[in-house]
Structure formats: structure tokens, C-alpha cells
$ cat target16.pdb   # PDB, C-alpha atoms, pLDDT in the B column
ATOM      1  CA  MET Z  19      38.664  20.857 -20.438  1.00 45.00           C
ATOM      2  CA  GLY Z  20      40.697  23.735 -22.009  1.00 45.00           C
ATOM      3  CA  LEU Z  21      41.543  26.967 -20.223  1.00 41.00           C
ATOM      4  CA  PRO Z  22      39.348  29.989 -20.909  1.00 41.00           C
ATOM      5  CA  PHE Z  23      40.463  32.253 -23.775  1.00 38.00           C
ATOM      6  CA  LEU Z  24      42.758  35.174 -22.750  1.00 39.00           C
ATOM      7  CA  PRO Z  25      43.379  38.110 -25.085  1.00 39.00           C
ATOM      8  CA  VAL Z  26      46.897  38.403 -26.622  1.00 35.00           C
ATOM      9  CA  ARG Z  27      49.002  41.101 -24.918  1.00 38.00           C
ATOM     10  CA  ARG Z  28      52.385  42.682 -25.691  1.00 36.00           C
ATOM     11  CA  ARG Z  29      55.356  41.161 -23.890  1.00 36.00           C
ATOM     12  CA  HIS Z  30      55.960  44.007 -21.428  1.00 36.00           C
ATOM     13  CA  GLN Z  31      52.272  44.164 -20.495  1.00 39.00           C
ATOM     14  CA  ALA Z  32      52.046  40.414 -20.148  1.00 37.00           C
ATOM     15  CA  LYS Z  33      54.735  40.427 -17.479  1.00 39.00           C
ATOM     16  CA  LYS Z  34      52.740  42.929 -15.411  1.00 40.00           C
ATOM     17  CA  GLU Z  35      49.370  41.193 -15.973  1.00 42.00           C
ATOM     18  CA  LEU Z  36      50.596  37.603 -15.514  1.00 41.00           C
ATOM     19  CA  PRO Z  37      49.788  37.414 -11.827  1.00 47.00           C
ATOM     20  CA  THR Z  38      46.299  38.806 -12.499  1.00 49.00           C
ATOM     21  CA  ALA Z  39      45.641  36.456 -15.435  1.00 47.00           C
ATOM     22  CA  ALA Z  40      46.924  33.453 -13.503  1.00 47.00           C
ATOM     23  CA  GLY Z  41      44.776  34.436 -10.562  1.00 49.00           C
ATOM     24  CA  LEU Z  42      41.709  34.616 -12.769  1.00 45.00           C
ATOM     25  CA  VAL Z  43      42.431  31.220 -14.248  1.00 44.00           C
ATOM     26  CA  LEU Z  44      42.948  29.662 -10.829  1.00 47.00           C
ATOM     27  CA  LEU Z  45      39.814  31.347  -9.490  1.00 48.00           C
ATOM     28  CA  LEU Z  46      37.783  30.117 -12.455  1.00 49.00           C
ATOM     29  CA  CYS Z  47      39.094  26.554 -12.111  1.00 47.00           C
ATOM     30  CA  PHE Z  48      38.409  26.607  -8.374  1.00 48.00           C
ATOM     31  CA  SER Z  49      34.877  27.880  -9.003  1.00 52.00           C
ATOM     32  CA  LEU Z  50      34.218  25.156 -11.579  1.00 48.00           C
ATOM     33  CA  THR Z  51      35.566  22.509  -9.207  1.00 49.00           C
ATOM     34  CA  LEU Z  52      33.465  23.856  -6.351  1.00 45.00           C
ATOM     35  CA  PHE Z  53      30.385  23.936  -8.579  1.00 44.00           C
ATOM     36  CA  ALA Z  54      30.975  20.337  -9.642  1.00 46.00           C
ATOM     37  CA  CYS Z  55      31.394  19.230  -6.054  1.00 44.00           C
ATOM     38  CA  ASN Z  56      28.310  21.120  -4.935  1.00 49.00           C
ATOM     39  CA  GLY Z  57      26.380  19.654  -7.845  1.00 46.00           C
ATOM     40  CA  GLN Z  58      27.231  16.192  -6.626  1.00 46.00           C
ATOM     41  CA  ARG Z  59      26.120  17.077  -3.113  1.00 41.00           C
ATOM     42  CA  SER Z  60      22.958  18.896  -4.187  1.00 40.00           C
ATOM     43  CA  THR Z  61      21.003  15.620  -4.172  1.00 41.00           C
ATOM     44  CA  PRO Z  62      21.472  14.014  -0.767  1.00 40.00           C
ATOM     45  CA  GLU Z  63      21.905  10.290  -0.663  1.00 39.00           C
ATOM     46  CA  ARG Z  64      18.529   8.647  -0.123  1.00 38.00           C
ATOM     47  CA  LYS Z  65      18.027   5.455   1.764  1.00 38.00           C
ATOM     48  CA  PRO Z  66      16.569   2.798  -0.515  1.00 38.00           C
ATOM     49  CA  GLU Z  67      12.848   2.410  -0.057  1.00 42.00           C
ATOM     50  CA  ALA Z  68      11.193  -0.977   0.181  1.00 42.00           C
ATOM     51  CA  SER Z  69      10.375  -2.080  -3.333  1.00 46.00           C
ATOM     52  CA  ALA Z  70       7.127  -3.767  -4.335  1.00 48.00           C
ATOM     53  CA  ALA Z  71       9.008  -7.051  -4.275  1.00 52.00           C
ATOM     54  CA  THR Z  72      10.207  -6.667  -0.663  1.00 70.00           C
ATOM     55  CA  GLN Z  73       7.417  -4.645   0.942  1.00 84.00           C
ATOM     56  CA  PRO Z  74       4.833  -6.970   2.529  1.00 93.00           C
ATOM     57  CA  CYS Z  75       1.430  -6.747   0.884  1.00 98.00           C
ATOM     58  CA  LEU Z  76      -1.980  -7.539   2.352  1.00 98.00           C
ATOM     59  CA  LEU Z  77      -4.808  -8.119  -0.127  1.00 98.00           C
ATOM     60  CA  PHE Z  78      -8.516  -8.014   0.761  1.00 98.00           C
ATOM     61  CA  ALA Z  79     -10.654  -9.739  -1.870  1.00 98.00           C
ATOM     62  CA  GLY Z  80     -14.213 -10.909  -2.352  1.00 98.00           C
ATOM     63  CA  ASP Z  81     -17.726  -9.556  -2.735  1.00 98.00           C
ATOM     64  CA  SER Z  82     -19.498  -6.550  -1.232  1.00 98.00           C
ATOM     65  CA  ILE Z  83     -19.124  -7.928   2.308  1.00 98.00           C
ATOM     66  CA  MET Z  84     -15.340  -7.595   1.980  1.00 98.00           C
ATOM     67  CA  GLU Z  85     -15.792  -4.308   0.149  1.00 98.00           C
ATOM     68  CA  GLY Z  86     -17.119  -2.886   3.417  1.00 98.00           C
ATOM     69  CA  LEU Z  87     -15.081  -4.975   5.857  1.00 98.00           C
ATOM     70  CA  GLY Z  88     -11.605  -4.638   4.345  1.00 98.00           C
ATOM     71  CA  PRO Z  89     -11.122  -0.906   4.989  1.00 98.00           C
ATOM     72  CA  VAL Z  90     -12.318  -1.283   8.600  1.00 98.00           C
ATOM     73  CA  VAL Z  91      -9.812  -4.089   9.250  1.00 98.00           C
ATOM     74  CA  ALA Z  92      -7.035  -2.058   7.621  1.00 98.00           C
ATOM     75  CA  GLY Z  93      -7.809   0.868   9.912  1.00 97.00           C
ATOM     76  CA  MET Z  94      -7.439  -1.349  12.978  1.00 97.00           C
ATOM     77  CA  LEU Z  95      -4.117  -2.924  12.020  1.00 96.00           C
ATOM     78  CA  PRO Z  96      -1.095  -1.622  13.979  1.00 92.00           C
ATOM     79  CA  ASN Z  97       2.280  -0.821  12.405  1.00 86.00           C
ATOM     80  CA  THR Z  98       1.198  -0.521   8.779  1.00 90.00           C
ATOM     81  CA  ASP Z  99       3.932   1.950   7.713  1.00 91.00           C
ATOM     82  CA  ASN Z 100       5.814  -0.744   5.813  1.00 92.00           C
ATOM     83  CA  LEU Z 101       2.727  -2.693   4.721  1.00 96.00           C
ATOM     84  CA  LYS Z 102       1.039  -2.287   1.368  1.00 97.00           C
ATOM     85  CA  ILE Z 103      -2.720  -2.783   1.723  1.00 98.00           C
ATOM     86  CA  VAL Z 104      -4.853  -3.395  -1.347  1.00 98.00           C
ATOM     87  CA  GLN Z 105      -8.646  -3.352  -1.235  1.00 98.00           C
ATOM     88  CA  ALA Z 106     -10.045  -5.582  -3.984  1.00 98.00           C
ATOM     89  CA  GLY Z 107     -13.589  -6.298  -2.845  1.00 98.00           C
ATOM     90  CA  VAL Z 108     -16.043  -6.043  -5.752  1.00 98.00           C
ATOM     91  CA  SER Z 109     -19.797  -5.854  -5.263  1.00 98.00           C
ATOM     92  CA  SER Z 110     -22.051  -8.543  -6.797  1.00 98.00           C
ATOM     93  CA  THR Z 111     -19.175 -10.914  -7.552  1.00 98.00           C
ATOM     94  CA  GLY Z 112     -18.633 -14.576  -6.743  1.00 98.00           C
ATOM     95  CA  LEU Z 113     -17.120 -17.772  -8.077  1.00 98.00           C
ATOM     96  CA  CYS Z 114     -20.074 -19.029 -10.146  1.00 98.00           C
ATOM     97  CA  ARG Z 115     -20.099 -16.348 -12.845  1.00 97.00           C
ATOM     98  CA  PRO Z 116     -16.629 -15.804 -14.338  1.00 97.00           C
ATOM     99  CA  ASP Z 117     -18.385 -14.316 -17.357  1.00 97.00           C
ATOM    100  CA  PHE Z 118     -19.456 -11.449 -15.072  1.00 98.00           C
ATOM    101  CA  TYR Z 119     -16.281 -11.224 -12.972  1.00 98.00           C
ATOM    102  CA  ASP Z 120     -13.419 -13.678 -13.311  1.00 98.00           C
ATOM    103  CA  TRP Z 121     -11.907 -14.029  -9.854  1.00 98.00           C
ATOM    104  CA  PRO Z 122      -9.272 -16.667 -10.790  1.00 98.00           C
ATOM    105  CA  THR Z 123      -7.868 -14.474 -13.574  1.00 98.00           C
ATOM    106  CA  THR Z 124      -8.034 -11.376 -11.382  1.00 98.00           C
ATOM    107  CA  MET Z 125      -6.371 -13.164  -8.461  1.00 98.00           C
ATOM    108  CA  ARG Z 126      -3.615 -14.468 -10.713  1.00 98.00           C
ATOM    109  CA  THR Z 127      -2.899 -10.896 -11.835  1.00 98.00           C
ATOM    110  CA  TYR Z 128      -2.784  -9.648  -8.244  1.00 98.00           C
ATOM    111  CA  MET Z 129      -0.501 -12.483  -7.195  1.00 98.00           C
ATOM    112  CA  THR Z 130       1.990 -12.045 -10.046  1.00 98.00           C
ATOM    113  CA  THR Z 131       2.150  -8.247  -9.837  1.00 97.00           C
ATOM    114  CA  LEU Z 132       1.754  -7.454  -6.132  1.00 97.00           C
ATOM    115  CA  ARG Z 133       2.986 -10.719  -4.602  1.00 97.00           C
ATOM    116  CA  PRO Z 134       0.791 -10.316  -1.483  1.00 98.00           C
ATOM    117  CA  LYS Z 135       1.942 -12.161   1.586  1.00 98.00           C
ATOM    118  CA  LEU Z 136      -1.596 -12.597   2.872  1.00 98.00           C
ATOM    119  CA  VAL Z 137      -4.908 -12.719   0.983  1.00 98.00           C
ATOM    120  CA  VAL Z 138      -8.103 -12.351   3.024  1.00 98.00           C
ATOM    121  CA  ILE Z 139     -11.191 -13.495   1.114  1.00 98.00           C
ATOM    122  CA  CYS Z 140     -14.880 -13.217   1.926  1.00 98.00           C
ATOM    123  CA  ILE Z 141     -17.086 -14.559  -0.849  1.00 98.00           C
ATOM    124  CA  GLY Z 142     -20.239 -16.598  -1.373  1.00 98.00           C
ATOM    125  CA  THR Z 143     -23.281 -14.366  -0.824  1.00 98.00           C
ATOM    126  CA  ASN Z 144     -23.880 -14.170  -4.605  1.00 98.00           C
ATOM    127  CA  ASP Z 145     -23.151 -17.812  -5.412  1.00 98.00           C
ATOM    128  CA  ASP Z 146     -26.547 -19.453  -4.850  1.00 98.00           C
ATOM    129  CA  GLN Z 147     -26.842 -20.248  -8.561  1.00 98.00           C
ATOM    130  CA  SER Z 148     -25.677 -22.800 -11.095  1.00 98.00           C
ATOM    131  CA  VAL Z 149     -21.960 -23.336 -11.580  1.00 98.00           C
ATOM    132  CA  SER Z 150     -19.937 -24.754 -14.458  1.00 97.00           C
ATOM    133  CA  ASP Z 151     -17.038 -27.109 -13.934  1.00 97.00           C
ATOM    134  CA  ALA Z 152     -15.022 -28.999 -16.564  1.00 94.00           C
ATOM    135  CA  GLY Z 153     -17.520 -28.054 -19.255  1.00 95.00           C
ATOM    136  CA  LYS Z 154     -20.601 -29.198 -17.330  1.00 97.00           C
ATOM    137  CA  LYS Z 155     -23.208 -27.090 -15.567  1.00 97.00           C
ATOM    138  CA  TYR Z 156     -24.601 -28.022 -12.148  1.00 98.00           C
ATOM    139  CA  GLN Z 157     -27.714 -26.637 -10.479  1.00 97.00           C
ATOM    140  CA  PHE Z 158     -27.636 -25.242  -6.964  1.00 97.00           C
ATOM    141  CA  ILE Z 159     -27.348 -27.086  -4.541  1.00 94.00           C
ATOM    142  CA  SER Z 160     -26.926 -30.695  -5.570  1.00 95.00           C
ATOM    143  CA  PRO Z 161     -23.974 -32.804  -4.362  1.00 97.00           C
ATOM    144  CA  ALA Z 162     -22.451 -32.344  -7.825  1.00 97.00           C
ATOM    145  CA  TRP Z 163     -22.817 -28.563  -7.380  1.00 98.00           C
ATOM    146  CA  GLU Z 164     -21.026 -28.745  -4.037  1.00 98.00           C
ATOM    147  CA  GLN Z 165     -18.124 -30.615  -5.611  1.00 98.00           C
ATOM    148  CA  ALA Z 166     -17.952 -28.194  -8.548  1.00 98.00           C
ATOM    149  CA  TYR Z 167     -18.033 -25.185  -6.225  1.00 98.00           C
ATOM    150  CA  ALA Z 168     -15.327 -26.736  -4.058  1.00 98.00           C
ATOM    151  CA  HIS Z 169     -13.169 -26.931  -7.189  1.00 98.00           C
ATOM    152  CA  LYS Z 170     -13.683 -23.174  -7.639  1.00 98.00           C
ATOM    153  CA  VAL Z 171     -12.517 -22.514  -4.088  1.00 98.00           C
ATOM    154  CA  GLU Z 172      -9.533 -24.829  -4.562  1.00 98.00           C
ATOM    155  CA  GLU Z 173      -8.579 -23.033  -7.761  1.00 98.00           C
ATOM    156  CA  LEU Z 174      -8.397 -19.750  -5.867  1.00 98.00           C
ATOM    157  CA  ILE Z 175      -6.350 -21.388  -3.096  1.00 98.00           C
ATOM    158  CA  ASP Z 176      -3.915 -22.876  -5.621  1.00 98.00           C
ATOM    159  CA  ILE Z 177      -3.366 -19.537  -7.370  1.00 98.00           C
ATOM    160  CA  ILE Z 178      -2.545 -17.859  -4.067  1.00 98.00           C
ATOM    161  CA  VAL Z 179      -0.339 -20.612  -2.642  1.00 98.00           C
ATOM    162  CA  GLN Z 180       1.567 -21.288  -5.867  1.00 98.00           C
ATOM    163  CA  ASN Z 181       2.515 -17.615  -6.000  1.00 98.00           C
ATOM    164  CA  GLY Z 182       3.852 -17.536  -2.455  1.00 98.00           C
ATOM    165  CA  GLY Z 183       0.807 -16.175  -0.633  1.00 98.00           C
ATOM    166  CA  THR Z 184      -1.243 -17.400   2.300  1.00 98.00           C
ATOM    167  CA  PRO Z 185      -5.042 -17.402   1.983  1.00 98.00           C
ATOM    168  CA  ILE Z 186      -7.456 -16.708   4.824  1.00 98.00           C
ATOM    169  CA  PHE Z 187     -11.141 -17.271   4.094  1.00 98.00           C
ATOM    170  CA  VAL Z 188     -13.788 -15.405   6.069  1.00 98.00           C
ATOM    171  CA  SER Z 189     -17.364 -16.661   6.145  1.00 98.00           C
ATOM    172  CA  PRO Z 190     -20.264 -14.371   5.359  1.00 98.00           C
ATOM    173  CA  PRO Z 191     -22.129 -13.164   8.461  1.00 98.00           C
ATOM    174  CA  ILE Z 192     -25.612 -14.523   9.151  1.00 98.00           C
ATOM    175  CA  ILE Z 193     -28.095 -13.354   6.520  1.00 98.00           C
ATOM    176  CA  GLY Z 194     -31.417 -11.667   7.324  1.00 98.00           C
ATOM    177  CA  SER Z 195     -33.479 -13.056   4.444  1.00 98.00           C
ATOM    178  CA  LYS Z 196     -35.175 -16.322   5.439  1.00 97.00           C
ATOM    179  CA  TYR Z 197     -34.940 -17.448   1.826  1.00 98.00           C
ATOM    180  CA  LEU Z 198     -31.285 -16.528   1.331  1.00 98.00           C
ATOM    181  CA  ARG Z 199     -30.009 -17.529   4.788  1.00 98.00           C
ATOM    182  CA  PRO Z 200     -29.957 -21.339   4.324  1.00 98.00           C
ATOM    183  CA  ARG Z 201     -28.576 -20.960   0.805  1.00 98.00           C
ATOM    184  CA  VAL Z 202     -25.624 -18.820   1.899  1.00 98.00           C
ATOM    185  CA  PHE Z 203     -25.130 -21.090   4.917  1.00 98.00           C
ATOM    186  CA  ALA Z 204     -24.810 -24.069   2.560  1.00 98.00           C
ATOM    187  CA  ILE Z 205     -22.198 -22.190   0.511  1.00 98.00           C
ATOM    188  CA  ARG Z 206     -20.364 -21.333   3.714  1.00 98.00           C
ATOM    189  CA  GLU Z 207     -20.268 -25.047   4.592  1.00 98.00           C
ATOM    190  CA  VAL Z 208     -18.640 -25.941   1.267  1.00 98.00           C
ATOM    191  CA  ILE Z 209     -15.995 -23.232   1.692  1.00 98.00           C
ATOM    192  CA  LYS Z 210     -15.377 -24.276   5.295  1.00 98.00           C
ATOM    193  CA  GLN Z 211     -14.916 -27.944   4.376  1.00 98.00           C
ATOM    194  CA  THR Z 212     -12.707 -27.134   1.404  1.00 98.00           C
ATOM    195  CA  CYS Z 213     -10.458 -24.999   3.596  1.00 98.00           C
ATOM    196  CA  ALA Z 214     -10.260 -27.815   6.153  1.00 98.00           C
ATOM    197  CA  ASN Z 215      -9.289 -30.286   3.427  1.00 98.00           C
ATOM    198  CA  ARG Z 216      -6.560 -27.942   2.180  1.00 98.00           C
ATOM    199  CA  ASN Z 217      -5.338 -26.875   5.640  1.00 98.00           C
ATOM    200  CA  VAL Z 218      -6.306 -23.253   4.935  1.00 98.00           C
ATOM    201  CA  VAL Z 219      -7.450 -20.887   7.678  1.00 98.00           C
ATOM    202  CA  PHE Z 220     -11.222 -20.365   7.735  1.00 98.00           C
ATOM    203  CA  THR Z 221     -12.478 -17.677  10.092  1.00 98.00           C
ATOM    204  CA  ASP Z 222     -16.154 -18.208  10.832  1.00 98.00           C
ATOM    205  CA  VAL Z 223     -18.058 -14.983  11.549  1.00 98.00           C
ATOM    206  CA  TRP Z 224     -21.523 -16.357  10.752  1.00 98.00           C
ATOM    207  CA  GLN Z 225     -22.637 -15.900  14.379  1.00 98.00           C
ATOM    208  CA  THR Z 226     -20.596 -12.798  15.184  1.00 98.00           C
ATOM    209  CA  LEU Z 227     -23.487 -10.426  14.470  1.00 98.00           C
ATOM    210  CA  ALA Z 228     -26.204 -12.815  15.694  1.00 98.00           C
ATOM    211  CA  ASP Z 229     -28.004 -12.497  19.028  1.00 97.00           C
ATOM    212  CA  SER Z 230     -27.277 -14.673  22.074  1.00 96.00           C
ATOM    213  CA  ALA Z 231     -29.573 -17.397  20.719  1.00 97.00           C
ATOM    214  CA  GLY Z 232     -27.806 -17.415  17.350  1.00 97.00           C
ATOM    215  CA  ASN Z 233     -30.600 -15.628  15.505  1.00 98.00           C
ATOM    216  CA  TYR Z 234     -30.260 -12.811  13.008  1.00 98.00           C
ATOM    217  CA  GLN Z 235     -30.495  -9.340  14.513  1.00 98.00           C
ATOM    218  CA  ARG Z 236     -30.338  -5.994  12.793  1.00 98.00           C
ATOM    219  CA  PHE Z 237     -29.803  -3.841  15.889  1.00 98.00           C
ATOM    220  CA  ILE Z 238     -28.093  -4.056  19.249  1.00 97.00           C
ATOM    221  CA  VAL Z 239     -28.513  -1.851  22.299  1.00 96.00           C
ATOM    222  CA  ASP Z 240     -25.299  -0.507  23.829  1.00 92.00           C
ATOM    223  CA  SER Z 241     -24.531   0.197  27.494  1.00 90.00           C
ATOM    224  CA  ASN Z 242     -26.133   3.639  27.172  1.00 93.00           C
ATOM    225  CA  ARG Z 243     -29.350   2.042  25.894  1.00 94.00           C
ATOM    226  CA  LYS Z 244     -28.698   3.445  22.462  1.00 96.00           C
ATOM    227  CA  LYS Z 245     -29.958   1.415  19.522  1.00 96.00           C
ATOM    228  CA  ILE Z 246     -27.162   0.702  17.029  1.00 98.00           C
ATOM    229  CA  ALA Z 247     -27.679  -0.804  13.575  1.00 98.00           C
ATOM    230  CA  LEU Z 248     -25.396  -3.693  12.650  1.00 98.00           C
ATOM    231  CA  ARG Z 249     -26.986  -4.441   9.268  1.00 98.00           C
ATOM    232  CA  THR Z 250     -28.552  -2.471   6.461  1.00 98.00           C
ATOM    233  CA  LYS Z 251     -32.209  -2.835   5.512  1.00 97.00           C
ATOM    234  CA  ASP Z 252     -31.495  -5.568   2.950  1.00 97.00           C
ATOM    235  CA  GLY Z 253     -30.408  -7.947   5.723  1.00 98.00           C
ATOM    236  CA  THR Z 254     -27.170  -8.860   3.952  1.00 98.00           C
ATOM    237  CA  HIS Z 255     -24.851  -5.882   4.045  1.00 98.00           C
ATOM    238  CA  VAL Z 256     -23.149  -4.610   7.167  1.00 98.00           C
ATOM    239  CA  THR Z 257     -22.950  -1.158   8.750  1.00 98.00           C
ATOM    240  CA  GLN Z 258     -19.801   0.496  10.085  1.00 98.00           C
ATOM    241  CA  ALA Z 259     -20.645  -0.691  13.602  1.00 98.00           C
ATOM    242  CA  GLY Z 260     -21.192  -4.233  12.371  1.00 98.00           C
ATOM    243  CA  ASN Z 261     -17.966  -4.230  10.394  1.00 98.00           C
ATOM    244  CA  THR Z 262     -16.107  -3.107  13.496  1.00 98.00           C
ATOM    245  CA  LEU Z 263     -17.322  -6.245  15.315  1.00 98.00           C
ATOM    246  CA  LEU Z 264     -16.420  -8.443  12.337  1.00 98.00           C
ATOM    247  CA  ALA Z 265     -12.983  -6.829  12.079  1.00 98.00           C
ATOM    248  CA  ARG Z 266     -12.251  -7.555  15.727  1.00 98.00           C
ATOM    249  CA  ALA Z 267     -13.186 -11.190  15.134  1.00 98.00           C
ATOM    250  CA  ILE Z 268     -10.805 -11.710  12.208  1.00 98.00           C
ATOM    251  CA  LEU Z 269      -7.976  -9.383  13.237  1.00 98.00           C
ATOM    252  CA  PRO Z 270      -6.013 -11.967  15.304  1.00 97.00           C
ATOM    253  CA  GLN Z 271      -5.751 -14.367  12.362  1.00 97.00           C
ATOM    254  CA  ILE Z 272      -4.581 -11.572  10.066  1.00 98.00           C
ATOM    255  CA  GLU Z 273      -1.970 -10.333  12.524  1.00 97.00           C
ATOM    256  CA  GLN Z 274      -0.734 -13.882  13.003  1.00 96.00           C
ATOM    257  CA  GLY Z 275      -0.495 -14.407   9.252  1.00 96.00           C
ATOM    258  CA  LEU Z 276       1.462 -11.201   8.748  1.00 96.00           C
ATOM    259  CA  SER Z 277       3.898 -12.034  11.534  1.00 93.00           C
ATOM    260  CA  ARG Z 278       5.008 -15.324   9.929  1.00 90.00           C
TER     261      ARG Z 278
END
$ encode --input "target16.pdb" --output "C-alpha cells"
Amino acid sequence: MGLPFLPVRRRHQAKKELPTAAGLVLLLCFSLTLFACNGQRSTPERKPEASAATQPCLLFAGDSIMEGLGPVVAGMLPNTDNLKIVQAGVSSTGLCRPDFYDWPTTMRTYMTTLRPKLVVICIGTNDDQSVSDAGKKYQFISPAWEQAYAHKVEELIDIIVQNGGTPIFVSPPIIGSKYLRPRVFAIREVIKQTCANRNVVFTDVWQTLADSAGNYQRFIVDSNRKKIALRTKDGTHVTQAGNTLLARAILPQIEQGLSR
């Protein structure tokens, strides 16, 4: 960098002004140096934050049961400052209708972009219908349907495991509808057996909201004799109080999975 321009002076004046001119030059150079140094210090050094690749991620996926349960579980987890939590529950979805919502494709996207360490899945309440597998369609709930549906569950497991994640399946809670209850129970059995075959954690909450005899109940009475709703009027979906009980039931498995 060149020195600043100084006006030309006669020789005898230059001798008198030299100290002043030199002082100005030195002062200007010092100021520029100080400015440069301050400019470098103006942005304090920041500690590197955990990137998406290194920050642990917890993914909640499934149908409307998980849509309500996931946020309640997340609110009960301790030490979540360095944990990325993604809520991916989608109402009315399942594994039988990829034309409506394609869970394998969606899960593959989540796994390749977020790299979740743990994936908690609750699904099945919308799957009491025909399912296609290897180009063939099977009617609910024949043995061939069970095998085809098991392949759907295995596909989801493979996508998660092959991308470095650990799946945890959560059963639906007991269903109020007498028509729907045995159908969802049968789906639960297929998921449970598939998880056992693949050595995948299956957390069974079917009876968590049931009464002491194992029957469906919509309300409980607390210690103050106050009636508290666990389920909504449709007999399938769960209230905040019910989700709190479900969250307590599955929390240990989630904490254990995150600690590995």
C-alpha cells in the first residue's frame, strides 16, 4: 500500500514541516494497522456447533397415533439440548397404500438427509385393507396378506438399519371400536412377530390404556375422584392424558436407544 499523497513544498518549508508530515504518516499508518487488527477481532471466534452429521437425531414416524404421541415423548426426554428431534407422524397413513403416502420413500429421504440415530414408529391403525406385494394384491387378513404386510414392515426396517439407524416399533393402543379392535390387533401381531424375527425392539402399549381386566376404557378416575379422558370419542385417538401414559411406557426404551 502506498503512502498518502503529500503536497509539494519548498525546500526551506519542508525542513520545518518534516516532523509534522512524518508524524501524520506514522499516525495514519498506525490507525490503519489498528483498524485492521480491530477488524480481525470484531468477529469473536465461535466454537463449532454440532453439524447435522454429528448431532444425534431422533425421528418419530407413523400415523396419527404417533402424530399425537411423539411431541409428548419429546417433552419428557431429559437433556435434549444436543438432540435434534423430528416429528414425522402423518394422519391417515400406513404401509398398505403407498399411492396415498409412500412411507418407504419418505423414510429413505429422512435417513439419507437427517441420519437419525433412533427411529420410533407407531403404525397400523389404517392398514386393515388389501396390500400389494411383488405385483400381487392380497385381501385382509389372509395368511398371504400377513406375509405381504410383514414384507412391508421389513422394508422399513431395512431402510433404517442400512442407513445406520435403530428402529423401535410401538404398537397401537387398544381400540374402542368392536369392529376395528380385532383387525388392528391382528396387524399388531404381524408387526410384533416381524420385529421378533428381525431382533428389533417392539414396545407393546396395547394394554397401557386398558382397564385392570384388559378391556377398553375411555376414562379413568384419578385420586381426587376426577374423571379424566384417555381417548377421544372415536375410540382410536388418544388425549393428552392418555399420551402421557403411553409416553411413560415407551420412554425407557427410547432413552436406552439414545444412550448406545
$ closest_atom_pairs --input "target16.pdb" --of "stretch 106-169 of chain Z" --to "stretch 185-193 of chain Z" --cutoff "12 Å" --atoms "all atoms listed in the file" --output "JSON lines"
{"residue": "Z:Met125", "atom": "CA", "partner": "Z:Pro185", "partner_atom": "CA", "distance": 11.3}
{"residue": "Z:Met129", "atom": "CA", "partner": "Z:Pro185", "partner_atom": "CA", "distance": 11.4}
{"residue": "Z:Pro134", "atom": "CA", "partner": "Z:Pro185", "partner_atom": "CA", "distance": 9.8}
{"residue": "Z:Lys135", "atom": "CA", "partner": "Z:Pro185", "partner_atom": "CA", "distance": 8.7}
{"residue": "Z:Leu136", "atom": "CA", "partner": "Z:Pro185", "partner_atom": "CA", "distance": 6.0}
{"residue": "Z:Val137", "atom": "CA", "partner": "Z:Pro185", "partner_atom": "CA", "distance": 4.8}
{"residue": "Z:Val138", "atom": "CA", "partner": "Z:Ile186", "partner_atom": "CA", "distance": 4.8}
{"residue": "Z:Ile139", "atom": "CA", "partner": "Z:Phe187", "partner_atom": "CA", "distance": 4.8}
{"residue": "Z:Cys140", "atom": "CA", "partner": "Z:Val188", "partner_atom": "CA", "distance": 4.8}
{"residue": "Z:Ile141", "atom": "CA", "partner": "Z:Pro190", "partner_atom": "CA", "distance": 7.0}
{"residue": "Z:Gly142", "atom": "CA", "partner": "Z:Pro190", "partner_atom": "CA", "distance": 7.1}
{"residue": "Z:Thr143", "atom": "CA", "partner": "Z:Pro190", "partner_atom": "CA", "distance": 6.9}
{"residue": "Z:Asn144", "atom": "CA", "partner": "Z:Pro190", "partner_atom": "CA", "distance": 10.6}
{"residue": "Z:Asp145", "atom": "CA", "partner": "Z:Pro190", "partner_atom": "CA", "distance": 11.7}
$ atom_distance --input "target16.pdb" --atom1 "atom CA of Z:Arg236" --atom2 "atom CA of Z:Ala79"
24.8 Å
$ residues_around --input "target16.pdb" --residues "Z:Ile177" --least-positions-apart "4" --cutoff "10 Å" --atoms "all atoms listed in the file" --output "list in words"
Pro122, Thr123, Met125, Arg126, Thr127, Tyr128, Met129, Thr130, Glu172, Glu173, Asn181, Gly182, Gly183 and Pro185 of chain Z
$ resolve_selection --input "target16.pdb" --expression "the PyMOL selection byres ((chain Z and resi 262) around 12)" --output "JSON, numbers by chain"
{"Z": [86, 87, 88, 89, 90, 91, 92, 93, 94, 226, 227, 247, 248, 249, 256, 257, 258, 259, 260, 261, 263, 264, 265, 266, 267, 268, 269]}
$ atom_distance --input "target16.pdb" --atom1 "atom CA of Z:Gln211" --atom2 "atom CA of Z:Trp163"
14.2 Å
$ residues_around --input "target16.pdb" --residues "Z:Thr111" --least-positions-apart "5" --cutoff "8 Å" --atoms "only C-alpha atoms" --output "number ranges by chain"
Z: 80-82, 118-119, 141, 144
$ closest_residue --input "target16.pdb" --among "Z:Gln271, Z:Arg133, Z:Glu164, Z:His169" --to "Z:Ala152" --atoms "all atoms listed in the file"
Z:His169
$ atom_distance --input "target16.pdb" --atom1 "atom CA of Z:Gly194" --atom2 "atom CA of Z:Thr212"
25.0 Å
$ closest_residue --input "target16.pdb" --among "Z:Ile246, Z:Pro74, Z:Val149, Z:Asp120" --to "Z:Asp99" --atoms "only C-alpha atoms"
Z:Pro74
$ closest_residue --input "target16.pdb" --among "Z:Ser160, Z:Thr184, Z:Gln73, Z:Asn233" --to "Z:Val208" --atoms "only C-alpha atoms"
Z:Ser160
$ residues_near_point --input "target16.pdb" --point "(-16.1, -21.6, 10.0)" --cutoff "8 Å" --atoms "only C-alpha atoms" --output "number ranges by chain"
Z: 188-189, 206-207, 210, 220-224
